[in-house]
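Participant: Structure in structure tokens, see below.
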Amino acid sequence: ERTTEPRRGQLAWDDLRTVLAIARSGSLSGAARALDLEHSTVFRRLEEIERRLGIALFERSRSGYQANAHGEAVAEAARAMEEAA
């Protein structure tokens, strides 16, 4: 049976775009504007991505979201795919 849902540990292009937008903007609201989505949608997507991967991708603080080493690796993969496209 085929499914369009990524399996645990796998990321779809929308997942990669979400992580990249958060990494670039440093905030969920900035990522939401860049992706033309609601803040709450970006929040839910990030929570789901991190749950599926089993790791945090960002350090959260009052000043925003800073990609950690895992987040940077995912964002870099997204940048490479973006440039290739």
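If you're wondering about the labels, chains in the structure tokens are A, B, ... by order shown, residues count from 1 in each chain, ligands from 1 in order shown.
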Please identify all polymer residues within 8 Å of segment 13-17 of chain A, counting only C-alpha atoms, omitting same-chain residues fewer than 2 positions from it, and present them as an MDAnalysis selection string.
Facilitator: chainID A and resid 11 19:21 45:46 49 74:75 77:78
Participant: Emit the selected residues as an mmCIF file, in the first residue's frame, including all heavy atoms.
Facilitator:
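The resulting file, part.cif, is shown below:
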```cif
data_model
loop_
_atom_site.group_PDB
_atom_site.id
_atom_site.type_symbol
_atom_site.label_atom_id
_atom_site.label_comp_id
_atom_site.auth_asym_id
_atom_site.auth_seq_id
_atom_site.Cartn_x
_atom_site.Cartn_y
_atom_site.Cartn_z
ATOM 1 N N LEU A 11 11.723 13.115 5.282
ATOM 2 C CA LEU A 11 11.122 14.429 5.120
ATOM 3 C C LEU A 11 10.704 14.655 3.681
ATOM 4 O O LEU A 11 11.433 14.328 2.755
ATOM 5 C CB LEU A 11 12.124 15.519 5.523
ATOM 6 C CG LEU A 11 12.580 15.515 6.981
ATOM 7 C CD1 LEU A 11 13.582 16.627 7.218
ATOM 8 C CD2 LEU A 11 11.395 15.650 7.916
ATOM 9 N N VAL A 19 11.410 23.935 7.371
ATOM 10 C CA VAL A 19 12.619 24.083 8.189
ATOM 11 C C VAL A 19 13.497 25.206 7.635
ATOM 12 O O VAL A 19 14.000 26.043 8.393
ATOM 13 C CB VAL A 19 13.401 22.753 8.271
ATOM 14 C CG1 VAL A 19 14.754 22.941 8.949
ATOM 15 C CG2 VAL A 19 12.574 21.702 9.004
ATOM 16 N N LEU A 20 13.657 25.260 6.326
ATOM 17 C CA LEU A 20 14.480 26.299 5.717
ATOM 18 C C LEU A 20 13.902 27.682 5.979
ATOM 19 O O LEU A 20 14.636 28.619 6.313
ATOM 20 C CB LEU A 20 14.625 26.047 4.212
ATOM 21 C CG LEU A 20 15.491 27.037 3.436
ATOM 22 C CD1 LEU A 20 16.901 27.116 4.007
ATOM 23 C CD2 LEU A 20 15.526 26.647 1.961
ATOM 24 N N ALA A 21 12.599 27.832 5.860
ATOM 25 C CA ALA A 21 11.966 29.140 6.098
ATOM 26 C C ALA A 21 12.148 29.587 7.548
ATOM 27 O O ALA A 21 12.418 30.764 7.811
ATOM 28 C CB ALA A 21 10.489 29.077 5.736
ATOM 29 N N ARG A 45 3.533 22.039 11.794
ATOM 30 C CA ARG A 45 4.445 21.319 10.883
ATOM 31 C C ARG A 45 5.780 21.052 11.551
ATOM 32 O O ARG A 45 6.319 19.945 11.457
ATOM 33 C CB ARG A 45 4.670 22.123 9.606
ATOM 34 C CG ARG A 45 3.546 22.017 8.620
ATOM 35 C CD ARG A 45 3.929 22.679 7.329
ATOM 36 N NE ARG A 45 2.832 22.639 6.373
ATOM 37 C CZ ARG A 45 2.892 23.166 5.165
ATOM 38 N NH1 ARG A 45 3.989 23.789 4.759
ATOM 39 N NH2 ARG A 45 1.867 23.083 4.351
ATOM 40 N N LEU A 46 6.338 22.066 12.215
ATOM 41 C CA LEU A 46 7.631 21.880 12.872
ATOM 42 C C LEU A 46 7.526 20.827 13.974
ATOM 43 O O LEU A 46 8.395 19.961 14.086
ATOM 44 C CB LEU A 46 8.161 23.196 13.438
ATOM 45 C CG LEU A 46 9.496 23.078 14.187
ATOM 46 C CD1 LEU A 46 10.598 22.510 13.291
ATOM 47 C CD2 LEU A 46 9.895 24.418 14.765
ATOM 48 N N ILE A 49 7.458 17.457 12.261
ATOM 49 C CA ILE A 49 8.767 17.116 11.686
ATOM 50 C C ILE A 49 9.706 16.642 12.787
ATOM 51 O O ILE A 49 10.357 15.597 12.664
ATOM 52 C CB ILE A 49 9.372 18.334 10.945
ATOM 53 C CG1 ILE A 49 8.560 18.644 9.691
ATOM 54 C CG2 ILE A 49 10.845 18.092 10.606
ATOM 55 C CD1 ILE A 49 8.831 20.039 9.118
ATOM 56 N N VAL A 74 19.418 19.978 8.011
ATOM 57 C CA VAL A 74 18.176 19.877 7.248
ATOM 58 C C VAL A 74 18.013 21.102 6.354
ATOM 59 O O VAL A 74 17.659 20.987 5.173
ATOM 60 C CB VAL A 74 16.955 19.697 8.185
ATOM 61 C CG1 VAL A 74 15.657 19.768 7.403
ATOM 62 C CG2 VAL A 74 17.058 18.378 8.937
ATOM 63 N N ALA A 75 18.289 22.283 6.897
ATOM 64 C CA ALA A 75 18.177 23.519 6.111
ATOM 65 C C ALA A 75 19.150 23.497 4.939
ATOM 66 O O ALA A 75 18.808 23.923 3.830
ATOM 67 C CB ALA A 75 18.424 24.741 6.998
ATOM 68 N N ALA A 77 20.275 20.837 3.348
ATOM 69 C CA ALA A 77 19.731 19.907 2.352
ATOM 70 C C ALA A 77 18.628 20.595 1.543
ATOM 71 O O ALA A 77 18.555 20.436 0.319
ATOM 72 C CB ALA A 77 19.189 18.653 3.041
ATOM 73 N N ALA A 78 17.796 21.377 2.228
ATOM 74 C CA ALA A 78 16.721 22.106 1.539
ATOM 75 C C ALA A 78 17.297 23.159 0.592
ATOM 76 O O ALA A 78 16.815 23.321 -0.531
ATOM 77 C CB ALA A 78 15.800 22.758 2.556
#
```
Participant: So, counting only C-alpha atoms, which residue among A:Arg24, A:Thr18, A:Ala67, A:Phe58 is closest to Arg44 of chain A?
Facilitator: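 Between A:Arg24, A:Thr18, A:Ala67, A:Phe58, the residue approaching Arg44 of chain A most closely is A:Thr18.
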Participant: Taking only chain A into account, list the residues labelled strand (DSSP E or B) by DSSP (computed from the backbone), as a VMD selection string.
Facilitator: chain A and resid 58 to 61 64 to 67
Participant: Which is closer to Gly30 of chain A than all the others in A:Ala12, A:Ala80, A:Leu57, A:Val42, using only C-alpha atoms?
Facilitator: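 Nearest to Gly30 of chain A: A:Val42.
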Participant: If we count only C-alpha atoms and set the cut-off at 7 Å, which residues sit around Tyr65 of chain A, ignoring sequence neighbours fewer than 4 positions away in its own chain? Please answer as a count of residues only.
Facilitator: 6
Participant: Compare A:Leu28, A:Ala69, A:Met81, A:Ala23 by their minimum atom-to-atom distance to Glu47 of chain A, counting only C-alpha atoms, and give me the closest one.
Facilitator: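 Checking each candidate against Glu47 of chain A, we get A:Leu28 as the closest.
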